[in-house]
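Trainee: The structure that follows is given in the form of structure tokens.
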Amino acid sequence: MTENSDAMDQKGGVFKQRSAKKIADSLKASAEYSARRKASPFPSAMSMLNFYINRAGEQLSKSRLATLDRAKGELRKDFGKEPTVDHRAA
């Protein structure tokens, strides 16, 4: 599973951190300062997180996936975005 893409510069090991807040903060910083991103910082950061989750797929434990899902919420908070409704929870 790769943590890299050519879409955006990012720090190594960002997705291995245990804290959802630290993951989100690192992605936000990378998105804001990357010279290679193609979109604005929020979609770029969220795209990288989703890219990692999708590429890791079933290799992620439930607890790891939960941490990465919480990181999405932290990213939304960091960028002042409203959370989306999770239709799966209903």
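For the structure tokens, the naming scheme is as follows: chains receive sequential letters (A, B, ...) according to their order of presentation, residues are indexed from 1 within each chain, and ligands are indexed from 1 in presentation order.
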Would you kindly return, as a PyMOL selection string, each protein, DNA or RNA residue with an atom no farther than 12 Å from any atom of Glu32 (chain A), considering only C-alpha atoms and excluding same-chain residues fewer than 2 positions away?
Mentor: chain A and resi 8-10+25-30+34-45+78-79
Trainee: Please, what distance in Å, to one decimal, runs between CA of Ile53 (chain A) and CA of Lys72 (chain A)?
Mentor: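 A separation of 10.8 Å between them.
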Trainee: Between CA of Gly73 (chain A) and CA of Ser47 (chain A), what is the distance, to one decimal in Å?
Mentor: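 So the two atoms, CA of Gly73 (chain A) and CA of Ser47 (chain A), lie 13.4 Å apart.
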Trainee: Applying 10 Å and only C-alpha atoms, which residues near Phe15 (chain A) remain after dropping the ones on its own chain fewer than 2 positions away? List them as a list in words.
Mentor: Glu3, Lys11, Gly12, Gly13, Gln17, Arg18, Ser19, Ala20, Lys22, Ile23, Ala24, Ser26, Leu27, Leu49, Tyr52, Ile53, Arg64, Thr67, Leu68 and Ala71 of chain A
Trainee: Using only C-alpha atoms, which residue out of A:Tyr33, A:Asp69, A:Lys21, A:Lys62 lies closest to Asn50 (chain A)?
Mentor: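 Once distances to Asn50 (chain A) are computed over only C-alpha atoms, the minimum belongs to A:Asp69.
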Trainee: Have a look at CA of Glu74 (chain A) and CA of Val14 (chain A) and let me know their distance in Å, one decimal.
Mentor: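 Pair CA of Glu74 (chain A) / CA of Val14 (chain A) returns 14.3 Å.
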